[in-house]
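File shown here: query19.txt, holding compact mmCIF, C-alpha atoms.
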# COMPACT_ATOMS: atom_id res chain seq x y z
CA MET H 1 38.10 -20.99 -51.95
CA PRO H 2 40.66 -23.49 -50.60
CA ASN H 3 40.82 -23.68 -46.82
CA ALA H 4 44.03 -22.45 -45.22
CA ASN H 5 44.48 -25.70 -43.30
CA GLN H 6 45.04 -27.49 -46.62
CA TRP H 7 48.25 -25.51 -47.00
CA GLY H 8 49.92 -26.79 -43.84
CA ILE H 9 50.32 -23.43 -42.11
CA GLN H 10 52.90 -23.13 -39.36
CA LEU H 11 50.78 -22.93 -36.23
CA ALA H 12 52.72 -21.55 -33.31
CA GLN H 13 54.01 -24.20 -30.89
CA ASP H 14 56.42 -22.14 -28.76
CA PRO H 15 54.86 -21.24 -25.36
CA ASP H 16 55.60 -17.57 -26.04
CA VAL H 17 53.58 -17.47 -29.28
CA THR H 18 50.64 -19.78 -28.71
CA ASP H 19 48.25 -16.82 -28.84
CA TYR H 20 49.03 -16.32 -32.53
CA LEU H 21 47.05 -17.97 -35.31
CA ILE H 22 50.26 -17.90 -37.37
CA ALA H 23 53.64 -17.03 -35.90
CA PRO H 24 57.19 -16.90 -37.25
CA ASP H 25 59.14 -20.15 -37.25
CA PRO H 26 62.82 -19.15 -37.19
CA ALA H 27 63.90 -22.81 -37.25
CA ALA H 28 61.86 -23.70 -40.35
CA ALA H 29 63.80 -25.52 -43.05
CA ARG H 30 64.76 -23.60 -46.21
CA LEU H 31 64.28 -20.11 -44.71
CA THR H 32 67.95 -19.63 -43.76
CA ARG H 33 71.30 -21.22 -44.46
CA ALA H 34 74.60 -21.27 -42.57
CA VAL H 35 77.35 -19.22 -44.24
CA ARG H 36 80.95 -19.12 -43.10
CA GLY H 37 82.97 -15.93 -43.00
CA VAL H 38 85.43 -13.95 -40.89
CA ASP H 39 84.73 -11.21 -38.38
CA HIS H 40 86.48 -7.87 -37.79
CA GLU H 41 89.28 -9.63 -35.90
CA GLY H 42 89.86 -12.19 -38.65
CA ARG H 43 88.27 -15.03 -36.74
CA GLU H 44 86.17 -17.60 -38.56
CA THR H 45 82.47 -17.27 -37.87
CA THR H 46 79.24 -18.83 -39.09
CA LEU H 47 76.03 -16.85 -39.61
CA ARG H 48 72.50 -17.85 -40.41
CA VAL H 49 71.48 -15.78 -43.43
CA VAL H 50 68.03 -15.42 -44.95
CA GLU H 51 67.30 -17.26 -48.18
CA GLU H 52 65.88 -15.56 -51.26
CA ARG H 53 64.15 -17.55 -53.97
CA PRO H 54 61.96 -16.62 -56.93
CA LEU H 55 58.22 -17.26 -56.95
CA THR H 56 56.32 -16.80 -60.20
CA ILE H 57 52.64 -15.97 -59.82
CA PHE H 58 50.08 -16.89 -62.48
CA LEU H 59 46.47 -15.78 -62.64
CA ASN H 60 44.65 -18.47 -64.59
CA GLY H 61 46.80 -18.90 -67.73
CA GLN H 62 48.67 -15.60 -67.52
CA GLU H 63 52.06 -15.05 -65.91
CA ILE H 64 51.80 -11.93 -63.74
CA VAL H 65 55.04 -11.42 -61.81
CA THR H 66 58.11 -13.12 -60.35
CA ALA H 67 58.79 -12.03 -56.79
CA MET H 68 61.84 -12.67 -54.64
CA THR H 69 60.70 -14.16 -51.33
CA ILE H 70 61.87 -16.33 -48.45
CA GLY H 71 59.53 -19.03 -49.70
CA ASP H 72 57.03 -19.54 -46.90
CA TYR H 73 53.26 -19.18 -47.44
CA PRO H 74 53.51 -18.86 -51.24
CA GLU H 75 49.74 -19.24 -51.66
CA TYR H 76 49.02 -16.34 -49.32
CA LEU H 77 51.65 -14.21 -51.06
CA ALA H 78 50.11 -14.88 -54.48
CA LEU H 79 46.55 -14.18 -53.34
CA GLY H 80 47.54 -11.03 -51.48
CA PHE H 81 49.63 -9.64 -54.31
CA LEU H 82 46.83 -10.15 -56.85
CA ARG H 83 44.24 -8.68 -54.48
CA ASN H 84 46.34 -5.63 -53.65
CA GLN H 85 47.02 -5.01 -57.34
CA GLY H 86 43.29 -5.04 -58.09
CA MET H 87 43.47 -8.24 -60.14
CA LEU H 88 41.23 -10.12 -57.71
CA ARG H 89 37.92 -8.67 -56.63
CA ALA H 90 36.81 -8.65 -53.00
CA ASP H 91 34.07 -11.17 -53.87
CA GLU H 92 36.18 -13.16 -56.34
CA ASP H 93 35.21 -16.82 -56.81
CA ILE H 94 38.62 -18.45 -56.43
CA THR H 95 38.35 -22.07 -57.50
CA ARG H 96 41.91 -23.32 -56.92
CA VAL H 97 45.33 -22.24 -55.71
CA ASP H 98 48.11 -24.57 -56.83
CA TYR H 99 51.71 -24.32 -55.62
CA ASP H 100 54.50 -26.25 -57.33
CA GLU H 101 57.57 -26.24 -55.10
CA GLU H 102 59.85 -27.70 -57.78
CA LEU H 103 58.85 -25.12 -60.42
CA GLU H 104 58.52 -22.37 -57.79
CA THR H 105 55.17 -21.23 -59.16
CA VAL H 106 51.71 -20.47 -57.80
CA VAL H 107 48.68 -20.59 -60.09
CA VAL H 108 45.54 -18.84 -58.84
CA ARG H 109 42.42 -19.93 -60.74
CA THR H 110 39.12 -18.04 -60.76
CA ALA H 111 35.65 -18.78 -62.08
CA ARG H 112 35.79 -15.42 -63.86
CA ALA H 113 37.85 -15.19 -67.04
CA THR H 114 40.70 -12.72 -66.56
CA ASP H 115 42.90 -10.91 -69.05
CA TYR H 116 45.45 -8.38 -67.90
CA GLU H 117 47.61 -8.36 -71.03
CA ASP H 118 47.17 -4.63 -71.57
CA LYS H 119 47.95 -3.89 -67.94
CA MET H 120 51.10 -6.01 -68.09
CA ARG H 121 52.19 -4.40 -71.38
CA ARG H 122 51.86 -0.95 -69.81
CA LYS H 123 54.04 -2.04 -66.91
CA THR H 124 56.75 -3.37 -69.19
CA ARG H 125 56.67 -0.28 -71.38
CA THR H 126 56.76 2.15 -68.42
CA SER H 127 59.83 0.73 -66.68
CA GLY H 128 61.84 -2.44 -66.63
CA CYS H 129 60.85 -3.32 -63.09
CA ALA H 130 57.24 -2.12 -63.49
CA VAL H 131 57.33 -0.21 -60.22
CA GLY H 132 55.87 3.01 -61.61
CA THR H 133 52.81 1.43 -63.17
CA VAL H 134 52.19 -0.89 -60.24
CA PHE H 135 52.19 2.13 -57.93
CA GLY H 136 49.90 4.04 -60.28
CA ASP H 137 47.43 1.16 -60.38
CA MET H 138 47.39 1.06 -56.58
CA MET H 139 46.74 4.81 -56.36
CA GLU H 140 43.78 4.45 -58.73
CA GLY H 141 42.34 1.75 -56.49
CA LEU H 142 42.19 4.18 -53.54
CA GLU H 143 39.48 6.32 -55.13
CA GLY H 144 36.58 4.31 -53.71
CA VAL H 145 38.17 3.32 -50.39
CA THR H 146 36.26 4.22 -47.22
CA LEU H 147 37.87 3.16 -43.95
CA ALA H 148 36.01 2.49 -40.72
CA GLN H 149 36.41 5.20 -38.08
CA THR H 150 37.68 2.63 -35.61
CA PRO H 151 39.17 3.95 -32.36
CA VAL H 152 42.54 2.68 -31.17
CA ARG H 153 43.58 2.61 -27.52
CA SER H 154 47.09 3.47 -26.38
CA SER H 155 46.92 0.48 -24.02
CA TRP H 156 46.57 -1.75 -27.10
CA LEU H 157 49.62 -0.18 -28.70
CA TYR H 158 51.76 -0.76 -25.62
CA ALA H 159 50.58 -4.36 -25.27
CA LEU H 160 51.15 -5.12 -28.96
CA SER H 161 54.60 -3.59 -29.00
CA ALA H 162 55.69 -5.56 -25.95
CA LYS H 163 54.28 -8.85 -27.25
CA ILE H 164 55.52 -8.57 -30.83
CA ASN H 165 59.03 -7.48 -29.87
CA ARG H 166 59.39 -10.54 -27.61
CA THR H 167 58.15 -12.95 -30.26
CA PRO H 168 60.83 -15.31 -31.62
CA SER H 169 61.26 -14.35 -35.27
CA LEU H 170 63.44 -14.76 -38.30
CA TYR H 171 64.47 -11.12 -37.89
CA LEU H 172 65.93 -11.81 -34.45
CA GLU H 173 67.53 -15.00 -35.78
CA ALA H 174 69.13 -13.69 -38.96
CA GLY H 175 68.10 -10.06 -39.61
CA ALA H 176 67.74 -8.67 -43.16
CA ILE H 177 63.99 -9.15 -43.10
CA HIS H 178 60.73 -7.30 -42.49
CA GLY H 179 57.81 -8.29 -40.29
CA THR H 180 54.11 -7.44 -40.51
CA VAL H 181 51.52 -8.43 -37.93
CA LEU H 182 47.72 -8.42 -38.20
CA CYS H 183 46.25 -7.51 -34.81
CA GLU H 184 42.85 -7.16 -33.19
CA GLY H 185 42.69 -4.91 -30.15
CA ASP H 186 45.67 -5.81 -27.98
CA LYS H 187 46.14 -9.27 -29.53
CA PRO H 188 48.52 -10.09 -32.41
CA LEU H 189 46.95 -12.70 -34.70
CA VAL H 190 49.03 -13.36 -37.81
CA TYR H 191 52.76 -12.55 -38.04
CA MET H 192 54.40 -12.74 -41.47
CA GLU H 193 58.00 -12.03 -42.47
CA ASP H 194 59.78 -11.58 -45.80
CA VAL H 195 62.75 -9.88 -47.44
CA GLY H 196 60.42 -7.17 -48.76
CA ARG H 197 57.92 -5.38 -46.53
CA HIS H 198 55.42 -5.46 -49.41
CA ASN H 199 55.66 -9.27 -49.52
CA ALA H 200 54.94 -9.53 -45.81
CA VAL H 201 51.87 -7.30 -46.20
CA ASP H 202 50.67 -9.27 -49.22
CA LYS H 203 50.88 -12.49 -47.20
CA ILE H 204 48.61 -10.91 -44.60
CA ALA H 205 46.22 -9.81 -47.37
CA GLY H 206 46.21 -13.32 -48.80
CA TRP H 207 45.42 -14.85 -45.42
CA MET H 208 42.58 -12.39 -44.88
CA LEU H 209 41.15 -13.13 -48.33
CA SER H 210 41.33 -16.90 -47.85
CA GLU H 211 39.75 -16.72 -44.40
CA ASP H 212 37.23 -13.98 -45.31
CA ALA H 213 38.55 -12.08 -42.29
CA ALA H 214 36.99 -8.75 -41.34
CA ALA H 215 39.27 -5.72 -41.70
CA GLN H 216 37.41 -2.86 -40.02
CA ASP H 217 38.40 -3.90 -36.48
CA LYS H 218 42.05 -4.70 -37.23
CA ILE H 219 45.42 -3.00 -36.71
CA LEU H 220 48.38 -3.63 -39.01
CA TYR H 221 51.76 -3.47 -37.29
CA THR H 222 54.98 -3.35 -39.29
CA THR H 223 58.65 -3.27 -38.38
CA GLY H 224 59.42 -1.13 -41.42
CA ARG H 225 59.02 2.47 -42.49
CA LEU H 226 55.56 3.96 -43.01
CA THR H 227 55.93 4.69 -46.71
CA SER H 228 53.30 5.57 -49.28
CA GLU H 229 53.23 1.96 -50.49
CA MET H 230 52.60 0.62 -46.99
CA VAL H 231 49.80 3.14 -46.42
CA ILE H 232 48.17 2.35 -49.78
CA LYS H 233 48.27 -1.42 -49.25
CA THR H 234 46.83 -1.07 -45.74
CA ALA H 235 43.99 1.13 -47.01
CA MET H 236 43.31 -1.22 -49.94
CA MET H 237 42.95 -4.06 -47.43
CA GLY H 238 40.35 -2.01 -45.51
CA ILE H 239 42.42 -1.86 -42.31
CA PRO H 240 41.92 1.50 -40.52
CA VAL H 241 45.08 1.57 -38.35
CA LEU H 242 48.75 1.20 -39.34
CA ALA H 243 51.49 1.27 -36.70
CA SER H 244 55.25 0.85 -36.75
CA ARG H 245 58.43 0.99 -34.70
CA SER H 246 59.96 2.98 -37.52
CA GLY H 247 59.40 6.44 -38.97
CA PHE H 248 57.32 8.08 -41.68
CA THR H 249 57.64 9.45 -45.18
CA ALA H 250 55.84 12.69 -45.99
CA TRP H 251 53.86 11.14 -48.82
CA GLY H 252 52.85 8.24 -46.62
CA VAL H 253 51.46 10.68 -44.06
CA GLU H 254 49.69 12.71 -46.76
CA ILE H 255 47.94 9.67 -48.22
CA ALA H 256 46.97 8.42 -44.75
CA GLN H 257 45.34 11.77 -44.01
CA GLN H 258 43.51 11.72 -47.35
CA VAL H 259 41.98 8.26 -46.81
CA GLY H 260 41.36 8.66 -43.06
CA LEU H 261 43.84 6.04 -41.91
CA THR H 262 45.21 6.26 -38.36
CA LEU H 263 49.01 6.31 -38.71
CA ILE H 264 51.23 5.74 -35.70
CA GLY H 265 55.02 5.44 -35.80
CA ARG H 266 58.20 5.48 -33.74
CA MET H 267 56.66 3.05 -31.26
CA LYS H 268 59.44 2.27 -28.80
CA GLY H 269 58.79 1.63 -25.15
CA LYS H 270 56.40 4.32 -23.89
CA ARG H 271 56.92 6.56 -26.92
CA PHE H 272 54.95 6.84 -30.14
CA VAL H 273 53.84 9.56 -32.55
CA CYS H 274 50.47 9.78 -34.34
CA LEU H 275 50.52 11.83 -37.57
CA SER H 276 47.09 10.94 -38.95
CA GLY H 277 43.76 10.04 -37.37
CA GLU H 278 44.73 11.35 -33.92
CA GLY H 279 41.07 12.07 -33.17
CA ARG H 280 40.45 8.31 -32.98
CA LEU H 281 43.30 7.72 -30.53
CA ILE H 282 42.08 6.98 -27.01
CA ARG H 283 44.79 7.58 -24.41
CA ASP H 284 43.77 5.08 -21.74
CA ALA H 285 47.26 4.16 -20.48
CA ASP H 286 49.57 6.37 -18.42
CA PRO H 287 52.98 6.49 -20.18
CA ALA H 288 54.62 7.03 -16.79
CA LEU H 289 53.63 3.46 -15.88
CA ILE H 290 55.09 1.93 -19.06
CA ASP H 291 58.68 0.68 -19.04
CA ASP H 292 60.95 2.37 -21.53
CA GLU H 293 62.70 0.20 -24.07
CA PRO H 294 66.27 -0.80 -23.21
CA LYS H 295 68.89 0.90 -25.36
CA ARG H 296 70.24 -2.48 -26.45
CA SER H 297 66.95 -3.85 -27.69
CA GLY H 298 66.94 -7.01 -29.75
CA ARG H 299 64.86 -5.33 -32.48
CA LYS H 300 65.84 -2.19 -34.32
CA GLY H 301 63.44 0.40 -35.61
CA GLY H 302 65.08 1.26 -38.86
CA VAL H 303 64.55 -1.89 -40.93
Starting from the file, give its structure as structure tokens.
Amino acid sequence: MPNANQWGIQLAQDPDVTDYLIAPDPAAARLTRAVRGVDHEGRETTLRVVEERPLTIFLNGQEIVTAMTIGDYPEYLALGFLRNQGMLRADEDITRVDYDEELETVVVRTARATDYEDKMRRKTRTSGCAVGTVFGDMMEGLEGVTLAQTPVRSSWLYALSAKINRTPSLYLEAGAIHGTVLCEGDKPLVYMEDVGRHNAVDKIAGWMLSEDAAAQDKILYTTGRLTSEMVIKTAMMGIPVLASRSGFTAWGVEIAQQVGLTLIGRMKGKRFVCLSGEGRLIRDADPALIDDEPKRSGRKGGV
């Protein structure tokens, strides 16, 4: 499989984010553009707004999907999407990953011959956007998933929340975006952002696949809601803990309980709620000693 360094990843240079393997780069070219407008008082103003651009993903000779994305880490996005949709096996022999910036395409090539014509026909026939069949395929993939019974310490959660919320990001620069962070213990490792939370998760999955990174000792942190899709993708990646600043959906909680995933939400300051896997939560930090989050925090919990 191609090495990640061949893809020119954005290694963190800011003193605040040097602990990351990959960190957001709010100043990166092509991720935002300046747009002029007027504010509530009629004054002219200029905002940085997030770009959206199409990326078409091919698996060998077959076109699979066109996703709207901010455009960074297209190779990771393609690999992660295909892996999370069950089109790439865990032990897949990936021979090449080619990105064409001008054509806005990624072609993932495997030693194994692949043919998902029937799967793609079913998606098109089920609904125009294919959401229903994609979700159904993901649910089928959960049948054989067994997650590690990895404990999670409350001290890790507090440390991660404080670190991630201080990290310079595209969200803090322009908003209208989701963030997902792969963590180990109390250390954030890889921080990805995109206009769709599923894209950000797929980028993490693609990085893990390309680096053959272990999943059983990891925590996935997201700025978005803990929906069924987020729970399914996390479980499919083999990650046993999913945490968020935001809230839950009932189906997300139900699926987490079924697969044995530790699900923690509403993480703000000293507060959090665990709705699945609470038996693996080790409370080793006194909430009374943790600073509460200021009311005017730079990051919101409802994205």
Legend entry - Selection: 9 Å around Leu103 of chain H, all atoms listed in the file, excl. self and same-chain fewer than 3 positions, as a list in words: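 The residues satisfying every condition are Leu55, Thr56, Tyr99, Asp100 and Val106 of chain H.
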Legend entry - Pairwise distance for atom CA of Ala23 of chain H and atom CA of Gly179 of chain H, rounded to one decimal in Å: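 For atom CA of Ala23 of chain H relative to atom CA of Gly179 of chain H, the distance reads 10.6 Å.
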Legend entry - Gap from atom CA of Glu92 of chain H to atom CA of Ile232 of chain H - Å, one decimal: 20.7 Å
Inset, instruction - For each of H:Thr46, H:Thr32, H:Gln85, H:Thr105, take the minimum atom-to-atom distance to Phe58 of chain H, counting all atoms listed in the file, then give the residue where this is smallest. - result: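 Of all the options, H:Thr105 lies closest to Phe58 of chain H.
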Inset, instruction - Kindly extract all protein, DNA and RNA residues lying within 6 Å of the coordinates (56.6, -0.4, -39.6) given in the file, considering all atoms listed in the file, and supply them as a PyMOL selection string. - result: chain H and resi 222-226+244-246
Legend entry - Between atom CA of Glu293 of chain H and atom CA of Asp186 of chain H - distance in Å to one decimal: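 The value is 18.5 Å.
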Inset, instruction - Have a look at H:Leu21, H:Met236, H:Leu209, H:Leu263 and name the one nearest to Leu157 of chain H; count only C-alpha atoms. - result: H:Leu263
Legend entry - Residue nearest Gln258 of chain H - candidates H:Pro168, H:Gly71, H:Gly144, H:Gly196, atoms counted: all atoms listed in the file: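 Answer, going by the shortest atom-to-atom distance: H:Gly144.
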Inset, instruction - Please identify all polymer residues within 10 Å of Gly260 of chain H, counting only C-alpha atoms, omitting same-chain residues fewer than 6 positions from it, and present them as a list of chain:residue names. - result: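 Neighbouring residues, sequence-local ones excluded: H:Val145, H:Thr146, H:Leu147, H:Ala148, H:Gln149, H:Ala235, H:Pro240, H:Val241, H:Glu254, H:Ser276, H:Gly277.
With all atoms listed in the file as the atoms that count, the minimum distance from Leu88 of chain H to the choices H:Ala205, H:Gly185, H:Ala67, H:Arg33 is reached by H:Ala205.
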Legend entry - Shell of 12 Å around Arg271 of chain H, only C-alpha atoms, local chain residues under 6 positions omitted, as a VMD selection string: chain H and resid 154 157 to 158 161 244 to 246 264 to 265 285 to 293
Inset, instruction - Name the closest residue to Ala174 of chain H among the candidates H:Met192, H:Leu242, H:Ala162, H:Leu47; distances are taken between atoms, counting all atoms listed in the file. - result: H:Leu47
If we count all atoms listed in the file, what is near Ala200 of chain H at a cut-off of 10 Å, once residues fewer than 4 positions away on the same chain are taken out, given as a CSV table (one decimal) with C-alpha atoms, in the frame of the given file?
chain,number,residue,atom,x,y,z
H,69,THR,CA,60.7,-14.2,-51.3
H,73,TYR,CA,53.3,-19.2,-47.4
H,76,TYR,CA,49.0,-16.3,-49.3
H,77,LEU,CA,51.6,-14.2,-51.1
H,80,GLY,CA,47.5,-11.0,-51.5
H,177,ILE,CA,64.0,-9.2,-43.1
H,178,HIS,CA,60.7,-7.3,-42.5
H,179,GLY,CA,57.8,-8.3,-40.3
H,180,THR,CA,54.1,-7.4,-40.5
H,181,VAL,CA,51.5,-8.4,-37.9
H,191,TYR,CA,52.8,-12.6,-38.0
H,192,MET,CA,54.4,-12.7,-41.5
H,193,GLU,CA,58.0,-12.0,-42.5
H,194,ASP,CA,59.8,-11.6,-45.8
H,195,VAL,CA,62.8,-9.9,-47.4
H,196,GLY,CA,60.4,-7.2,-48.8
H,204,ILE,CA,48.6,-10.9,-44.6
H,205,ALA,CA,46.2,-9.8,-47.4
H,206,GLY,CA,46.2,-13.3,-48.8
H,222,THR,CA,55.0,-3.4,-39.3
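The shortest atom-to-atom distance to Thr227 of chain H, with all atoms listed in the file taken into account, belongs to H:Ala250 out of H:Ile22, H:Ala214, H:Met87, H:Ala250.
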Written record: segment 210-296 of chain H, C-alpha atoms, as a PDB file, in the first residue's frame:
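Below is the file selection-v3.pdb, written as the result:
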ATOM      1  CA  SER H 210      -2.995   3.116   5.024  1.00  0.00           C
ATOM      2  CA  GLU H 211      -0.934   3.074   8.221  1.00  0.00           C
ATOM      3  CA  ASP H 212      -2.216  -0.319   9.430  1.00  0.00           C
ATOM      4  CA  ALA H 213      -3.055   1.419  12.709  1.00  0.00           C
ATOM      5  CA  ALA H 214      -4.490  -0.599  15.592  1.00  0.00           C
ATOM      6  CA  ALA H 215      -8.069   0.251  16.563  1.00  0.00           C
ATOM      7  CA  GLN H 216      -8.685  -1.580  19.838  1.00  0.00           C
ATOM      8  CA  ASP H 217      -6.878   1.019  21.983  1.00  0.00           C
ATOM      9  CA  LYS H 218      -8.318   4.108  20.292  1.00  0.00           C
ATOM     10  CA  ILE H 219     -11.025   6.670  21.053  1.00  0.00           C
ATOM     11  CA  LEU H 220     -12.920   8.499  18.307  1.00  0.00           C
ATOM     12  CA  TYR H 221     -13.941  12.044  19.208  1.00  0.00           C
ATOM     13  CA  THR H 222     -16.414  13.980  17.074  1.00  0.00           C
ATOM     14  CA  THR H 223     -17.853  17.469  17.213  1.00  0.00           C
ATOM     15  CA  GLY H 224     -21.148  16.240  15.781  1.00  0.00           C
ATOM     16  CA  ARG H 225     -24.178  14.322  16.960  1.00  0.00           C
ATOM     17  CA  LEU H 226     -23.889  10.673  17.964  1.00  0.00           C
ATOM     18  CA  THR H 227     -26.171   9.280  15.280  1.00  0.00           C
ATOM     19  CA  SER H 228     -26.668   5.703  14.129  1.00  0.00           C
ATOM     20  CA  GLU H 229     -24.358   6.313  11.168  1.00  0.00           C
ATOM     21  CA  MET H 230     -21.554   7.595  13.398  1.00  0.00           C
ATOM     22  CA  VAL H 231     -21.918   4.614  15.740  1.00  0.00           C
ATOM     23  CA  ILE H 232     -21.940   2.120  12.848  1.00  0.00           C
ATOM     24  CA  LYS H 233     -18.853   3.612  11.189  1.00  0.00           C
ATOM     25  CA  THR H 234     -16.962   3.662  14.499  1.00  0.00           C
ATOM     26  CA  ALA H 235     -17.830   0.018  15.172  1.00  0.00           C
ATOM     27  CA  MET H 236     -16.919  -0.991  11.606  1.00  0.00           C
ATOM     28  CA  MET H 237     -13.503   0.604  12.160  1.00  0.00           C
ATOM     29  CA  GLY H 238     -13.044  -1.515  15.306  1.00  0.00           C
ATOM     30  CA  ILE H 239     -12.811   1.491  17.636  1.00  0.00           C
ATOM     31  CA  PRO H 240     -14.415   0.713  21.033  1.00  0.00           C
ATOM     32  CA  VAL H 241     -15.080   4.275  22.291  1.00  0.00           C
ATOM     33  CA  LEU H 242     -16.958   7.152  20.634  1.00  0.00           C
ATOM     34  CA  ALA H 243     -17.226  10.542  22.342  1.00  0.00           C
ATOM     35  CA  SER H 244     -18.719  13.892  21.410  1.00  0.00           C
ATOM     36  CA  ARG H 245     -19.503  17.401  22.601  1.00  0.00           C
ATOM     37  CA  SER H 246     -22.945  16.962  21.128  1.00  0.00           C
ATOM     38  CA  GLY H 247     -25.955  14.798  21.947  1.00  0.00           C
ATOM     39  CA  PHE H 248     -27.357  11.409  21.005  1.00  0.00           C
ATOM     40  CA  THR H 249     -30.026   9.849  18.849  1.00  0.00           C
ATOM     41  CA  ALA H 250     -32.014   6.947  20.288  1.00  0.00           C
ATOM     42  CA  TRP H 251     -31.049   4.602  17.473  1.00  0.00           C
ATOM     43  CA  GLY H 252     -27.400   5.539  17.848  1.00  0.00           C
ATOM     44  CA  VAL H 253     -27.558   4.592  21.526  1.00  0.00           C
ATOM     45  CA  GLU H 254     -29.399   1.347  20.758  1.00  0.00           C
ATOM     46  CA  ILE H 255     -26.829   0.222  18.193  1.00  0.00           C
ATOM     47  CA  ALA H 256     -23.942   1.173  20.510  1.00  0.00           C
ATOM     48  CA  GLN H 257     -25.441  -1.001  23.246  1.00  0.00           C
ATOM     49  CA  GLN H 258     -25.918  -3.889  20.813  1.00  0.00           C
ATOM     50  CA  VAL H 259     -22.288  -3.894  19.620  1.00  0.00           C
ATOM     51  CA  GLY H 260     -20.735  -3.059  23.005  1.00  0.00           C
ATOM     52  CA  LEU H 261     -19.422   0.373  22.067  1.00  0.00           C
ATOM     53  CA  THR H 262     -18.763   2.899  24.842  1.00  0.00           C
ATOM     54  CA  LEU H 263     -20.768   6.003  23.914  1.00  0.00           C
ATOM     55  CA  ILE H 264     -20.134   9.307  25.670  1.00  0.00           C
ATOM     56  CA  GLY H 265     -21.762  12.612  24.760  1.00  0.00           C
ATOM     57  CA  ARG H 266     -22.454  16.164  25.897  1.00  0.00           C
ATOM     58  CA  MET H 267     -18.798  16.601  26.855  1.00  0.00           C
ATOM     59  CA  LYS H 268     -18.507  20.216  27.938  1.00  0.00           C
ATOM     60  CA  GLY H 269     -16.176  21.327  30.685  1.00  0.00           C
ATOM     61  CA  LYS H 270     -16.581  18.917  33.617  1.00  0.00           C
ATOM     62  CA  ARG H 271     -19.826  17.445  32.287  1.00  0.00           C
ATOM     63  CA  PHE H 272     -20.443  14.377  30.158  1.00  0.00           C
ATOM     64  CA  VAL H 273     -23.016  11.590  29.884  1.00  0.00           C
ATOM     65  CA  CYS H 274     -22.320   7.912  29.135  1.00  0.00           C
ATOM     66  CA  LEU H 275     -25.276   6.015  27.618  1.00  0.00           C
ATOM     67  CA  SER H 276     -23.522   2.790  26.604  1.00  0.00           C
ATOM     68  CA  GLY H 277     -20.577   0.845  27.991  1.00  0.00           C
ATOM     69  CA  GLU H 278     -20.608   2.640  31.353  1.00  0.00           C
ATOM     70  CA  GLY H 279     -19.095  -0.439  33.001  1.00  0.00           C
ATOM     71  CA  ARG H 280     -15.820   0.304  31.197  1.00  0.00           C
ATOM     72  CA  LEU H 281     -15.710   3.919  32.369  1.00  0.00           C
ATOM     73  CA  ILE H 282     -13.076   4.510  35.048  1.00  0.00           C
ATOM     74  CA  ARG H 283     -13.751   7.691  37.029  1.00  0.00           C
ATOM     75  CA  ASP H 284     -10.215   8.674  38.004  1.00  0.00           C
ATOM     76  CA  ALA H 285     -10.656  12.468  37.918  1.00  0.00           C
ATOM     77  CA  ASP H 286     -12.604  14.587  40.404  1.00  0.00           C
ATOM     78  CA  PRO H 287     -15.072  16.770  38.435  1.00  0.00           C
ATOM     79  CA  ALA H 288     -14.855  19.363  41.209  1.00  0.00           C
ATOM     80  CA  LEU H 289     -11.247  20.012  40.165  1.00  0.00           C
ATOM     81  CA  ILE H 290     -12.092  20.478  36.471  1.00  0.00           C
ATOM     82  CA  ASP H 291     -12.832  23.974  35.166  1.00  0.00           C
ATOM     83  CA  ASP H 292     -16.274  24.395  33.667  1.00  0.00           C
ATOM     84  CA  GLU H 293     -16.492  25.568  30.089  1.00  0.00           C
ATOM     85  CA  PRO H 294     -17.072  29.302  29.606  1.00  0.00           C
ATOM     86  CA  LYS H 295     -20.542  30.155  28.329  1.00  0.00           C
ATOM     87  CA  ARG H 296     -19.034  31.949  25.341  1.00  0.00           C
TER      88      ARG H 296
END
